[in-house]
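Enquirer: Next up, run.cif (mmCIF, C-alpha atoms and all ligand atoms).
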```
data_work
loop_
_atom_site.label_atom_id
_atom_site.label_comp_id
_atom_site.auth_asym_id
_atom_site.auth_seq_id
_atom_site.Cartn_x
_atom_site.Cartn_y
_atom_site.Cartn_z
CA MET O 545 -4.78 -17.99 10.10
CA SER O 546 -4.06 -18.73 13.77
CA THR O 547 -3.30 -15.63 15.81
CA LEU O 548 -0.24 -17.46 17.16
CA GLU O 549 1.15 -17.85 13.68
CA ILE O 550 1.04 -14.11 12.84
CA PRO O 551 4.02 -13.02 15.03
CA VAL O 552 5.96 -16.09 13.84
CA LEU O 553 5.56 -15.05 10.19
CA ILE O 554 6.62 -11.47 10.98
CA ALA O 555 9.68 -12.78 12.81
CA ARG O 556 10.56 -15.06 9.92
CA LYS O 557 10.65 -12.07 7.55
CA ARG O 558 12.60 -10.05 10.17
CA ASP O 559 15.24 -12.81 10.17
CA GLY O 560 15.50 -12.80 6.36
CA GLY O 561 13.37 -15.89 5.73
CA GLU O 562 10.94 -16.50 2.88
CA LEU O 563 7.20 -17.01 3.32
CA GLY O 564 5.50 -19.76 1.34
CA ARG O 565 2.61 -19.00 -1.01
CA GLU O 566 -0.17 -20.12 1.37
CA GLN O 567 1.40 -18.25 4.28
CA LEU O 568 1.68 -14.99 2.35
CA LEU O 569 -1.82 -15.24 0.85
CA GLY O 570 -3.15 -16.06 4.33
CA PHE O 571 -1.29 -13.15 5.92
CA VAL O 572 -2.69 -10.57 3.46
CA ALA O 573 -6.20 -12.08 3.70
CA ALA O 574 -5.98 -11.89 7.50
CA TYR O 575 -4.98 -8.23 7.24
CA LEU O 576 -7.98 -7.47 5.07
CA SER O 577 -10.33 -9.28 7.47
CA GLY O 578 -8.92 -7.33 10.44
CA GLU O 579 -7.22 -10.34 12.06
CA VAL O 580 -3.75 -8.91 11.32
CA GLU O 581 -3.53 -5.41 12.81
CA ASP O 582 -2.00 -2.35 11.13
CA ALA O 583 0.96 -2.50 13.55
CA GLN O 584 1.63 -6.12 12.60
CA MET O 585 1.37 -5.42 8.88
CA ALA O 586 3.64 -2.38 9.25
CA ALA O 587 6.23 -4.48 11.10
CA PHE O 588 6.04 -7.12 8.38
CA LEU O 589 6.41 -4.52 5.61
CA MET O 590 9.38 -2.87 7.33
CA ALA O 591 11.05 -6.27 7.77
CA GLY O 592 10.48 -6.89 4.04
CA VAL O 593 11.82 -3.48 3.03
CA ILE O 594 15.02 -4.13 5.00
CA ARG O 595 15.47 -7.87 4.32
CA GLY O 596 13.99 -7.94 0.82
CA PHE O 597 11.33 -10.15 -0.73
CA THR O 598 12.07 -12.97 -3.17
CA ARG O 599 10.72 -12.99 -6.71
CA ASP O 600 8.22 -15.71 -5.72
CA GLU O 601 7.05 -13.62 -2.79
CA ALA O 602 6.55 -10.63 -5.11
CA VAL O 603 4.48 -12.78 -7.50
CA THR O 604 2.36 -14.10 -4.60
CA LEU O 605 1.94 -10.64 -3.09
CA THR O 606 0.62 -9.47 -6.44
CA GLU O 607 -1.84 -12.38 -6.46
CA ALA O 608 -3.00 -11.51 -2.94
CA LEU O 609 -3.63 -7.87 -3.92
CA LEU O 610 -5.33 -8.85 -7.16
CA ASP O 611 -7.64 -11.32 -5.41
CA SER O 612 -8.90 -8.61 -3.07
CA GLY O 613 -11.17 -6.98 -5.65
CA GLU O 614 -12.84 -7.02 -9.03
CA ARG O 615 -11.16 -7.43 -12.39
CA ILE O 616 -12.10 -5.78 -15.66
CA ASP O 617 -13.13 -8.30 -18.27
CA LEU O 618 -11.82 -7.36 -21.69
CA THR O 619 -12.50 -10.71 -23.34
CA GLY O 620 -14.40 -10.57 -26.61
CA LEU O 621 -12.59 -7.50 -27.93
CA ARG O 622 -11.34 -7.94 -31.48
CA GLY O 623 -7.69 -6.79 -31.31
CA PRO O 624 -4.92 -7.36 -28.77
CA THR O 625 -5.77 -5.67 -25.47
CA VAL O 626 -2.98 -3.41 -24.23
CA ASP O 627 -2.15 -1.17 -21.29
CA LYS O 628 0.79 1.16 -20.79
CA HIS O 629 1.88 2.47 -17.42
CA SER O 630 4.42 5.07 -16.38
CA THR O 631 5.86 5.05 -12.88
CA GLY O 632 5.32 8.81 -12.85
CA GLY O 633 7.23 11.86 -13.89
CA VAL O 634 7.28 15.52 -14.84
CA GLY O 635 5.95 16.67 -18.22
CA ASP O 636 5.19 13.02 -18.93
CA THR O 637 2.10 13.06 -21.17
CA THR O 638 2.85 10.01 -23.31
CA THR O 639 -0.55 8.38 -22.69
CA LEU O 640 -2.35 11.09 -24.68
CA VAL O 641 -0.15 10.35 -27.68
CA VAL O 642 0.52 6.61 -27.26
CA GLY O 643 -3.13 5.67 -26.56
CA PRO O 644 -4.48 7.08 -29.85
CA LEU O 645 -1.44 5.75 -31.76
CA LEU O 646 -1.97 2.22 -30.51
CA ALA O 647 -5.71 2.31 -31.13
CA ALA O 648 -5.03 3.57 -34.67
CA ALA O 649 -2.62 0.63 -35.12
CA GLY O 650 -5.34 -1.90 -34.22
CA CYS O 651 -4.78 -2.36 -30.49
CA GLN O 652 -7.60 -2.20 -27.94
CA VAL O 653 -6.49 0.30 -25.30
CA ALA O 654 -8.36 0.14 -22.00
CA LYS O 655 -6.35 2.50 -19.84
CA LEU O 656 -6.99 2.94 -16.15
CA SER O 657 -5.16 6.06 -15.10
CA GLY O 658 -4.45 7.93 -11.91
CA ARG O 659 -4.36 11.47 -10.59
CA GLY O 660 -1.21 13.43 -9.89
CA LEU O 661 0.20 13.56 -6.40
CA GLY O 662 3.16 15.58 -5.16
CA HIS O 663 5.50 16.48 -7.99
CA THR O 664 4.08 14.08 -10.59
CA GLY O 665 1.19 14.71 -12.94
CA GLY O 666 -1.74 12.35 -13.54
CA THR O 667 -3.51 11.58 -16.81
CA LEU O 668 -7.01 11.98 -15.34
CA ASP O 669 -6.29 15.55 -14.23
CA LYS O 670 -4.82 16.40 -17.62
CA LEU O 671 -7.83 15.02 -19.46
CA GLU O 672 -10.19 17.03 -17.29
CA ALA O 673 -8.60 20.18 -18.74
CA ILE O 674 -10.60 19.34 -21.90
CA PRO O 675 -14.01 20.98 -21.35
CA GLY O 676 -16.74 18.39 -20.73
CA LEU O 677 -14.51 15.31 -20.69
CA ARG O 678 -15.53 12.58 -18.19
CA VAL O 679 -13.18 9.99 -16.73
CA ASP O 680 -15.65 8.17 -14.45
CA LEU O 681 -16.61 5.39 -16.87
CA ALA O 682 -18.38 2.29 -15.52
CA PRO O 683 -16.66 -1.00 -16.47
CA ASP O 684 -19.25 -1.81 -19.17
CA GLU O 685 -18.96 1.72 -20.62
CA LEU O 686 -15.19 1.26 -20.75
CA HIS O 687 -15.58 -2.07 -22.53
CA ASP O 688 -18.12 -0.71 -25.06
CA GLN O 689 -16.06 2.36 -25.86
CA VAL O 690 -12.92 0.27 -26.44
CA GLU O 691 -14.93 -2.04 -28.68
CA ARG O 692 -16.22 0.93 -30.70
CA ILE O 693 -13.16 3.14 -31.09
CA GLY O 694 -10.25 1.18 -29.63
CA LEU O 695 -9.48 3.57 -26.76
CA ALA O 696 -10.88 4.55 -23.36
CA VAL O 697 -9.12 6.24 -20.44
CA ALA O 698 -10.86 6.07 -17.09
CA ALA O 699 -10.36 6.23 -13.34
CA ALA O 700 -10.01 2.92 -11.50
CA THR O 701 -13.09 2.21 -9.38
CA GLN O 702 -12.88 1.69 -5.61
CA ASP O 703 -13.50 -2.05 -6.15
CA LEU O 704 -10.33 -2.53 -8.14
CA VAL O 705 -7.51 -3.86 -5.92
CA PRO O 706 -8.87 -2.43 -2.64
CA ALA O 707 -6.05 -4.19 -0.74
CA ASP O 708 -3.50 -2.01 -2.55
CA LYS O 709 -5.35 1.13 -1.47
CA ARG O 710 -5.16 0.03 2.18
CA LEU O 711 -1.60 -1.20 2.01
CA TYR O 712 -0.39 1.85 0.09
CA ALA O 713 -1.90 4.19 2.68
CA LEU O 714 -0.13 2.23 5.44
CA ARG O 715 3.18 2.20 3.52
CA ASP O 716 2.90 5.92 2.92
CA VAL O 717 2.94 6.69 6.65
CA THR O 718 5.38 3.99 7.80
CA GLY O 719 8.38 4.62 5.52
CA THR O 720 7.76 1.38 3.63
CA VAL O 721 7.09 2.56 0.09
CA ALA O 722 10.62 2.08 -1.23
CA SER O 723 10.78 -1.66 -1.80
CA PRO O 724 11.03 -3.02 -5.37
CA ALA O 725 8.75 -5.97 -4.53
CA LEU O 726 6.14 -3.76 -2.84
CA ILE O 727 6.16 -1.21 -5.66
CA ALA O 728 6.11 -3.89 -8.36
CA SER O 729 3.26 -5.85 -6.75
CA SER O 730 1.29 -2.64 -6.20
CA VAL O 731 1.72 -1.47 -9.81
CA MET O 732 1.27 -4.89 -11.39
CA SER O 733 -1.81 -5.88 -9.37
CA LYS O 734 -3.58 -2.82 -10.82
CA LYS O 735 -2.38 -3.58 -14.35
CA LEU O 736 -3.49 -7.22 -14.06
CA ALA O 737 -6.89 -6.20 -12.69
CA GLY O 738 -7.25 -3.86 -15.68
CA GLY O 739 -7.55 -6.95 -17.86
CA ALA O 740 -5.17 -6.18 -20.75
CA GLN O 741 -3.20 -9.11 -22.16
CA HIS O 742 -0.18 -6.94 -23.04
CA VAL O 743 1.37 -4.59 -20.51
CA LEU O 744 4.15 -2.10 -21.24
CA LEU O 745 5.81 -0.28 -18.34
CA ASP O 746 7.70 2.97 -18.62
CA VAL O 747 9.94 2.89 -15.55
CA LYS O 748 11.45 6.29 -14.95
CA ALA O 749 14.96 6.95 -13.62
CA GLY O 750 16.45 10.29 -12.59
CA SER O 751 15.89 13.28 -10.35
CA GLY O 752 12.18 13.56 -11.19
CA ALA O 753 11.48 9.84 -10.74
CA PHE O 754 10.51 7.58 -7.92
CA MET O 755 13.71 5.54 -8.46
CA GLU O 756 16.55 7.96 -9.15
CA ASP O 757 19.18 5.32 -9.89
CA ILE O 758 19.15 3.66 -13.33
CA ASP O 759 20.19 0.23 -12.02
CA GLU O 760 17.46 0.29 -9.37
CA ALA O 761 14.92 1.34 -11.98
CA ARG O 762 16.07 -1.51 -14.22
CA ALA O 763 15.72 -4.00 -11.33
CA LEU O 764 12.18 -2.71 -10.71
CA ALA O 765 11.39 -3.04 -14.43
CA GLU O 766 12.70 -6.62 -14.46
CA LEU O 767 10.62 -7.57 -11.44
CA CYS O 768 7.46 -6.03 -12.95
CA VAL O 769 8.06 -7.97 -16.16
CA GLN O 770 8.60 -11.23 -14.25
CA ILE O 771 5.39 -10.68 -12.27
CA GLY O 772 3.39 -9.90 -15.40
CA GLU O 773 4.72 -12.96 -17.21
CA ALA O 774 4.16 -15.20 -14.17
CA HIS O 775 0.52 -14.05 -14.24
CA GLY O 776 0.20 -14.92 -17.93
CA ARG O 777 0.47 -11.46 -19.48
CA ARG O 778 2.94 -10.46 -22.19
CA THR O 779 4.89 -7.79 -20.34
CA GLY O 780 7.75 -5.52 -21.33
CA ALA O 781 9.35 -2.41 -19.91
CA LEU O 782 11.47 0.52 -20.92
CA VAL O 783 13.70 2.29 -18.43
CA THR O 784 13.60 5.95 -19.48
CA ASP O 785 15.13 9.25 -18.48
CA MET O 786 13.44 11.48 -15.90
CA SER O 787 16.42 13.67 -15.02
CA GLN O 788 14.65 16.49 -16.89
CA PRO O 789 11.01 17.16 -17.82
CA LEU O 790 10.02 14.88 -20.67
CA GLY O 791 8.02 17.46 -22.58
CA ASP O 792 8.38 21.24 -22.35
CA ALA O 793 4.98 21.59 -20.70
CA VAL O 794 4.44 20.82 -17.01
CA GLY O 795 0.82 21.45 -16.04
CA ASN O 796 -2.50 19.99 -17.09
CA ALA O 797 -3.89 22.09 -19.97
CA LEU O 798 -0.35 22.89 -21.16
CA GLU O 799 0.44 19.17 -21.41
CA VAL O 800 -2.79 18.37 -23.28
CA GLY O 801 -2.00 21.15 -25.75
CA ALA O 802 1.51 19.79 -26.26
CA ALA O 803 0.16 16.26 -26.86
CA VAL O 804 -2.35 17.56 -29.41
CA GLU O 805 0.42 19.43 -31.23
CA ILE O 806 2.40 16.18 -31.45
CA LEU O 807 -0.64 14.35 -32.83
CA ARG O 808 -1.06 17.19 -35.34
CA GLY O 809 2.59 16.85 -36.45
CA GLU O 810 3.36 20.35 -35.18
CA ARG O 811 5.74 19.56 -32.31
CA SER O 812 8.95 17.51 -32.05
CA GLY O 813 11.21 16.75 -29.07
CA ARG O 814 11.64 14.13 -26.38
CA LEU O 815 7.94 13.73 -25.54
CA ARG O 816 7.22 12.85 -29.17
CA ASP O 817 10.29 10.63 -29.41
CA LEU O 818 9.41 8.63 -26.29
CA SER O 819 5.76 8.33 -27.33
CA VAL O 820 6.90 6.84 -30.63
CA GLU O 821 9.33 4.56 -28.83
CA LEU O 822 6.65 3.29 -26.41
CA ALA O 823 4.06 2.77 -29.13
CA ALA O 824 6.61 0.91 -31.25
CA ALA O 825 7.64 -1.27 -28.29
CA MET O 826 3.98 -2.17 -27.75
CA LEU O 827 3.55 -3.13 -31.40
CA VAL O 828 6.57 -5.43 -30.99
CA LEU O 829 5.14 -6.87 -27.76
CA THR O 830 1.75 -7.62 -29.32
CA GLY O 831 3.31 -9.01 -32.49
CA ILE O 832 1.25 -6.56 -34.62
CA GLU O 833 4.40 -5.11 -36.14
CA PRO O 834 7.48 -7.05 -34.99
CA ASP O 835 9.94 -5.78 -37.59
CA ALA O 836 9.07 -2.24 -38.66
CA ALA O 837 7.24 -0.91 -35.62
CA ARG O 838 8.82 2.51 -35.58
CA ALA O 839 8.14 3.17 -39.24
CA ARG O 840 4.49 2.16 -38.75
CA VAL O 841 4.11 4.49 -35.76
CA ASP O 842 5.71 7.39 -37.66
CA GLN O 843 3.32 6.72 -40.53
CA LEU O 844 0.26 6.75 -38.23
CA LEU O 845 1.37 10.07 -36.79
CA GLY O 846 2.24 11.55 -40.19
CA GLU O 847 -1.08 10.53 -41.79
CA GLY O 848 -3.11 12.02 -38.93
CA ALA O 849 -4.68 8.64 -38.05
CA ALA O 850 -3.77 8.99 -34.37
CA LEU O 851 -5.23 12.54 -34.31
CA GLU O 852 -8.54 11.20 -35.67
CA THR O 853 -8.62 8.49 -33.00
CA PHE O 854 -7.90 11.13 -30.34
CA ARG O 855 -10.82 13.21 -31.63
CA GLU O 856 -13.17 10.18 -31.47
CA PHE O 857 -11.94 9.36 -27.97
CA VAL O 858 -12.53 12.92 -26.70
CA THR O 859 -16.01 12.96 -28.25
CA ALA O 860 -16.89 9.54 -26.80
CA GLN O 861 -15.98 10.72 -23.28
CA GLY O 862 -18.03 13.93 -23.60
CA GLY O 863 -15.16 16.34 -24.30
CA ASP O 864 -15.05 19.20 -26.81
CA PRO O 865 -13.61 17.66 -30.01
CA ALA O 866 -12.43 21.09 -31.19
CA VAL O 867 -9.47 20.54 -28.85
CA ALA O 868 -8.01 18.40 -31.64
CA ASP O 869 -8.15 21.36 -34.05
CA ARG O 870 -7.58 24.47 -31.92
CA PRO O 871 -6.17 23.29 -28.59
CA TRP O 872 -5.12 26.71 -27.31
CA GLU O 873 -8.60 28.19 -27.94
CA VAL O 874 -10.40 25.34 -26.19
CA LEU O 875 -8.13 24.66 -23.21
CA PRO O 876 -8.10 26.96 -20.16
CA ALA O 877 -5.28 29.52 -20.18
CA ALA O 878 -3.61 31.24 -17.24
CA PRO O 879 -3.90 35.07 -17.12
CA ILE O 880 -0.22 35.66 -16.24
CA VAL O 881 2.70 34.39 -18.33
CA ALA O 882 6.09 35.38 -16.90
CA GLU O 883 9.44 34.63 -18.56
CA TRP O 884 12.68 33.54 -16.91
CA ARG O 885 15.87 34.58 -18.74
CA PRO O 886 18.85 33.58 -16.57
CA GLY O 887 21.61 34.55 -19.04
CA ALA O 888 24.07 32.68 -21.26
CA GLY O 889 25.32 29.19 -20.42
CA VAL O 890 24.86 25.49 -21.18
CA VAL O 891 22.13 23.58 -19.35
CA ALA O 892 23.97 21.16 -17.05
CA GLY O 893 21.08 19.65 -15.10
CA PHE O 894 17.67 20.03 -13.50
CA GLN O 895 16.21 19.41 -10.07
CA CYS O 896 13.42 17.74 -11.96
CA ARG O 897 11.37 16.89 -8.89
CA ARG O 898 11.57 20.55 -7.82
CA LEU O 899 10.21 21.69 -11.19
CA GLY O 900 7.24 19.38 -10.66
CA GLU O 901 6.80 20.77 -7.16
CA LEU O 902 6.90 24.34 -8.46
CA ALA O 903 4.20 23.55 -11.00
CA ALA O 904 2.18 21.99 -8.15
CA LEU O 905 2.72 25.13 -6.05
CA LEU O 906 1.18 27.20 -8.85
CA GLY O 907 -1.89 24.97 -8.50
CA ALA O 908 -1.19 22.35 -11.21
CA GLY O 909 -0.74 19.59 -8.62
CA ARG O 910 -1.99 18.57 -5.21
CA GLN O 911 -0.27 18.99 -1.88
CA ARG O 912 -2.89 16.62 -0.42
CA GLN O 913 -5.33 14.09 -1.88
CA GLY O 914 -8.58 15.89 -2.74
CA ASP O 915 -7.04 19.36 -3.32
CA GLN O 916 -8.71 21.36 -6.12
CA LEU O 917 -6.42 21.94 -9.12
CA ASP O 918 -6.00 24.97 -11.36
CA LEU O 919 -5.86 23.20 -14.72
CA ALA O 920 -4.54 26.26 -16.61
CA VAL O 921 -1.33 26.92 -14.70
CA GLY O 922 2.13 25.37 -14.99
CA LEU O 923 5.57 25.76 -16.49
CA GLU O 924 7.13 25.54 -19.91
CA VAL O 925 10.72 24.39 -19.55
CA LEU O 926 12.27 24.98 -22.96
CA PRO O 927 15.88 23.68 -23.18
CA ARG O 928 17.23 20.23 -22.33
CA ILE O 929 20.48 19.09 -20.71
CA GLY O 930 23.38 19.94 -23.05
CA ASP O 931 21.56 22.78 -24.84
CA PRO O 932 23.34 26.15 -25.07
CA VAL O 933 21.26 29.13 -23.96
CA ALA O 934 21.85 32.67 -25.30
CA ASP O 935 22.05 35.74 -23.08
CA ASP O 936 18.46 36.95 -23.55
CA GLU O 937 16.88 33.54 -24.22
CA VAL O 938 13.73 32.43 -22.36
CA VAL O 939 14.46 29.23 -20.42
CA VAL O 940 11.20 28.87 -18.48
CA ARG O 941 7.74 30.39 -18.94
CA VAL O 942 5.62 30.48 -15.78
CA HIS O 943 1.85 30.30 -16.37
CA ALA O 944 0.21 31.57 -13.19
CA ARG O 945 -3.17 32.68 -11.86
CA ARG O 946 -1.70 35.57 -9.82
CA GLN O 947 1.41 37.72 -10.20
CA GLU O 948 2.60 36.84 -6.68
CA ASP O 949 2.51 33.10 -7.56
CA ALA O 950 4.58 33.78 -10.68
CA ASP O 951 7.08 35.88 -8.69
CA ARG O 952 7.47 33.19 -6.06
CA VAL O 953 8.23 30.53 -8.66
CA LEU O 954 10.55 32.80 -10.67
CA ALA O 955 12.57 33.35 -7.49
CA GLU O 956 13.00 29.59 -7.02
CA LEU O 957 14.03 28.65 -10.55
CA ASP O 958 17.70 29.41 -9.91
CA GLY O 959 17.84 26.42 -7.58
CA ALA O 960 16.05 24.11 -10.04
CA VAL O 961 18.16 24.57 -13.19
CA GLN O 962 21.96 24.30 -13.28
CA PHE O 963 24.18 25.89 -15.92
CA ALA O 964 27.79 25.29 -16.93
CA GLN O 965 30.23 26.92 -19.29
CA GLY O 966 31.56 24.61 -22.03
CA SER O 967 29.93 21.50 -23.43
CA VAL O 968 27.68 19.16 -21.44
CA PRO O 969 26.74 15.69 -22.78
CA THR O 970 23.07 15.09 -23.60
CA VAL O 971 21.19 12.39 -21.63
CA PRO O 972 19.86 9.32 -23.49
CA LEU O 973 16.07 9.09 -23.63
CA VAL O 974 15.89 5.32 -23.16
CA HIS O 975 18.32 3.57 -20.81
CA ALA O 976 17.15 -0.03 -21.28
CA HIS O 977 14.60 -2.36 -22.87
CA VAL O 978 13.43 -5.19 -20.59
CA GLY O 979 11.53 -8.29 -21.73
CA LEU O 980 10.75 -6.99 -25.19
CA ALA O 981 10.68 -9.81 -27.72
CA GLY O 982 11.49 -9.23 -31.38
CA ASP O 983 14.12 -6.76 -32.49
CA PRO O 984 14.26 -3.88 -30.03
CA SER O 985 16.39 -1.85 -32.42
CA ALA O 986 13.40 -1.73 -34.74
CA ALA O 987 11.67 0.15 -31.96
CA SER O 988 14.57 2.38 -30.94
CA PRO O 989 14.97 6.01 -31.86
CA ALA O 990 17.56 6.68 -34.52
N1 LIG O 1001 2.95 3.51 -7.62
C1 LIG O 1001 2.12 2.52 -7.23
O1 LIG O 1001 1.07 2.31 -7.82
N2 LIG O 1001 2.48 1.79 -6.17
C2 LIG O 1001 3.62 1.95 -5.49
O2 LIG O 1001 3.89 1.23 -4.56
C3 LIG O 1001 4.48 3.00 -5.91
C4 LIG O 1001 4.12 3.76 -6.98
#
```
Would you encode the structure as structure tokens?

Expert:
Amino acid sequence: MSTLEIPVLIARKRDGGELGREQLLGFVAAYLSGEVEDAQMAAFLMAGVIRGFTRDEAVTLTEALLDSGERIDLTGLRGPTVDKHSTGGVGDTTTLVVGPLLAAAGCQVAKLSGRGLGHTGGTLDKLEAIPGLRVDLAPDELHDQVERIGLAVAAATQDLVPADKRLYALRDVTGTVASPALIASSVMSKKLAGGAQHVLLDVKAGSGAFMEDIDEARALAELCVQIGEAHGRRTGALVTDMSQPLGDAVGNALEVGAAVEILRGERSGRLRDLSVELAAAMLVLTGIEPDAARARVDQLLGEGAALETFREFVTAQGGDPAVADRPWEVLPAAPIVAEWRPGAGVVAGFQCRRLGELAALLGAGRQRQGDQLDLAVGLEVLPRIGDPVADDEVVVRVHARRQEDADRVLAELDGAVQFAQGSVPTVPLVHAHVGLAGDPSAASPA
């Protein structure tokens, strides 16, 4: 790319113009080679955040990111290859339930997961609460494990979409994260590089989500689906509620224990319901079970087939398989458990992000990349919006390493949970289905 052309392309975006495919691919390639400087890329990104990118630009941007690194080759696997991705939330442990469910249903689940940052949790951190479990699988190990048992969950290597790592770091410090096209291309480039033919996105909306507004979350979901389809993958999305923690547990070992209890048929609630909904949507997307997906998923949970797959998966990745039988004996536990009983009322709302931050403050999450976690600590948030609470009822349990940490969090809970007198409507779990072929009602909760 000529150095004269670079300012012209930035100015075109500043003035609301569209860049052609070759121009955009060339611009990103020039950034990676050092020809386009950080300041120029930041100016371009800011222009795009303010002016917007077209759908074609988002598709091309995804291609540019994808082309920057390696791709995982999942060809040769016997069943449909699938990947599920959540945009991040609080108490959101669906992968540990959905992965085994889908593998038990005949899908090949090669899941590249991330670590938590800020108020959101990450699957890799949660899995590391299981003694011995490794998440650093080499690409051929990942492939072999999926071939053998249908499920592997691993960290993405440095070689996967390196351009996204550079661009994301730049966006993080230049106020340019919040663009649907930039988020969608960042997310989808990693999903496409992961190699699965079927991609299901769980786009969160609400006070604990990246996109608080439901319509904005739906627009992001639609763009992700368009990008996936334009790159030849069957892609669907659900827009789901994150105005309150999904499961009761917020914290690594606590969330693993909750997921195991769901797989064992011992726990109900919104985390179970959304896991079933996501697994059913994926069975519709793959065509494995277009008409009775939900019934099939319920059956796999009820028969214990998903629990057996989870046990095989834990064993294959070096973890203690007894976690599937006696989770609370195997997982690390915090020495202090303090209870919060705020008095009678009806739960009117949560500062969901704040609850995630409080769990992170206890040590369950990172303030900075590279921080060491305390896998045992966290919160249990027991009621949901619309639930009545009795005078002496426990609303939150704080699992802490030290009494002073528990006291600090207890003192902040007042600001994170709102109560009302009188009735408060419950919040739907799923706001929208996007791009899901077949009969979505077959995959919807009753
Ligand atoms: N998650 C991603 O992977 N990328 C973004 O840009 C935002 C959230």

Enquirer: My list of candidates is O:Ala591, O:Leu668, O:Leu764, O:Val679. Which is closest to ligand LIG 1001 (chain O) when distances are computed with all atoms listed in the file?

Expert: O:Leu764

Enquirer: Could you work out an axis-aligned box for ligand LIG 1001 (chain O), taking every atom the file lists and adding 8 Å on each side, and report centre and edge lengths in Å to one decimal, as lines of an AutoDock Vina configuration file?

Expert:
```
center_x = 2.8
center_y = 2.5
center_z = -6.2
size_x = 19.4
size_y = 18.5
size_z = 19.3
```

Enquirer: State, in Å with one decimal place, the distance from CA of Leu576 in chain O to CA of Val743 in chain O.

Expert: 27.4 Å

Enquirer: Residues contacting ligand LIG 1001 (chain O) - anything with an atom at most 10 Å away, using all atoms listed in the file - can you give me those as a VMD selection string?

Expert: chain O and resid 629 to 632 658 708 to 709 711 to 713 715 to 716 720 to 735 754 to 755

Enquirer: Those selected residues, please, written with C-alpha atoms and delivered as a compact mmCIF listing (two decimals), keeping the file's coordinate frame.

Expert:
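Heads up, here's the output in again.txt:
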```txt
# COMPACT_ATOMS: atom_id res chain seq x y z
CA HIS O 629 1.88 2.47 -17.42
CA SER O 630 4.42 5.07 -16.38
CA THR O 631 5.86 5.05 -12.88
CA GLY O 632 5.32 8.81 -12.85
CA GLY O 658 -4.45 7.93 -11.91
CA ASP O 708 -3.50 -2.01 -2.55
CA LYS O 709 -5.35 1.13 -1.47
CA LEU O 711 -1.60 -1.20 2.01
CA TYR O 712 -0.39 1.85 0.09
CA ALA O 713 -1.90 4.19 2.68
CA ARG O 715 3.18 2.20 3.52
CA ASP O 716 2.90 5.92 2.92
CA THR O 720 7.76 1.38 3.63
CA VAL O 721 7.09 2.56 0.09
CA ALA O 722 10.62 2.08 -1.23
CA SER O 723 10.78 -1.66 -1.80
CA PRO O 724 11.03 -3.02 -5.37
CA ALA O 725 8.75 -5.97 -4.53
CA LEU O 726 6.14 -3.76 -2.84
CA ILE O 727 6.16 -1.21 -5.66
CA ALA O 728 6.11 -3.89 -8.36
CA SER O 729 3.26 -5.85 -6.75
CA SER O 730 1.29 -2.64 -6.20
CA VAL O 731 1.72 -1.47 -9.81
CA MET O 732 1.27 -4.89 -11.39
CA SER O 733 -1.81 -5.88 -9.37
CA LYS O 734 -3.58 -2.82 -10.82
CA LYS O 735 -2.38 -3.58 -14.35
CA PHE O 754 10.51 7.58 -7.92
CA MET O 755 13.71 5.54 -8.46
```

Enquirer: Pick the closest to Gly889 in chain O from O:Pro876, O:Gly813, O:Gly914, O:Gly966: which is it, counting all atoms listed in the file?

Expert: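 Once distances to Gly889 in chain O are computed over all atoms listed in the file, the minimum belongs to O:Gly966.
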
Enquirer: Pick from O:Leu671, O:Cys896, O:Ile771, O:Leu553: nearest to Glu607 in chain O, with only C-alpha atoms counted?

Expert: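 Of O:Leu671, O:Cys896, O:Ile771, O:Leu553, the one nearest Glu607 in chain O, counting only C-alpha atoms, is O:Ile771.
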
Enquirer: For Ser812 in chain O, which residue among O:Asp792, O:Glu566, O:Glu799, O:Asp936 is the nearest when counting all atoms listed in the file?

Expert: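 Of O:Asp792, O:Glu566, O:Glu799, O:Asp936, the one nearest Ser812 in chain O is O:Asp792, counting all atoms listed in the file.
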
Enquirer: Find the nearest atom pair between each residue of range 670-728 of chain O and range 860-871 of chain O for residues within 7 Å, count all atoms listed in the file, give distances in Å to one decimal, sort rows by chain and ascending number, and present the table as a tab-separated table.

Expert:
```
residue	atom	partner	partner_atom	distance
O:Ile674	CA	O:Gly863	CA	6.0
O:Pro675	CA	O:Gly863	CA	5.6
O:Gly676	CA	O:Gly863	CA	4.4
O:Leu677	CA	O:Gly863	CA	3.8
O:Arg678	CA	O:Gln861	CA	5.4
```

Enquirer: What are the nearest atom pairs, with distances in Å to one decimal, for all residues of range 687-797 of chain O that come at most 9 Å from range 842-858 of chain O, using only C-alpha atoms, set out by chain and rising residue number as a Markdown table?

Expert:
```
| residue | atom | partner | partner_atom | distance |
| --- | --- | --- | --- | --- |
| O:Gln689 | CA | O:Phe857 | CA | 8.4 |
| O:Ile693 | CA | O:Glu856 | CA | 7.1 |
| O:Gly694 | CA | O:Thr853 | CA | 8.2 |
| O:Leu695 | CA | O:Phe857 | CA | 6.4 |
| O:Ala696 | CA | O:Phe857 | CA | 6.7 |
| O:Val697 | CA | O:Phe857 | CA | 8.6 |
```

Enquirer: Mind checking which residues fall within 8 Å of Gly623 in chain O, counting all atoms listed in the file, ignoring those fewer than 6 positions away in the same chain, and posting them as a ChimeraX atom specification?

Expert: /O:650-652

Enquirer: At a cut-off of 12 Å, using all atoms listed in the file, what residues contact Ile758 in chain O? Leave out same-chain residues fewer than 5 positions from it and give the result as a PyMOL selection string.

Expert: chain O and resi 747-751+753+763-765+782-787+972+974-976

Enquirer: Would you mind listing what lies within 12 Å of Asp949 in chain O as a ChimeraX atom specification, with only C-alpha atoms counted and same-chain residues fewer than 5 positions away left out?

Expert: /O:878-882,902-908,921-923,942-944,954-956
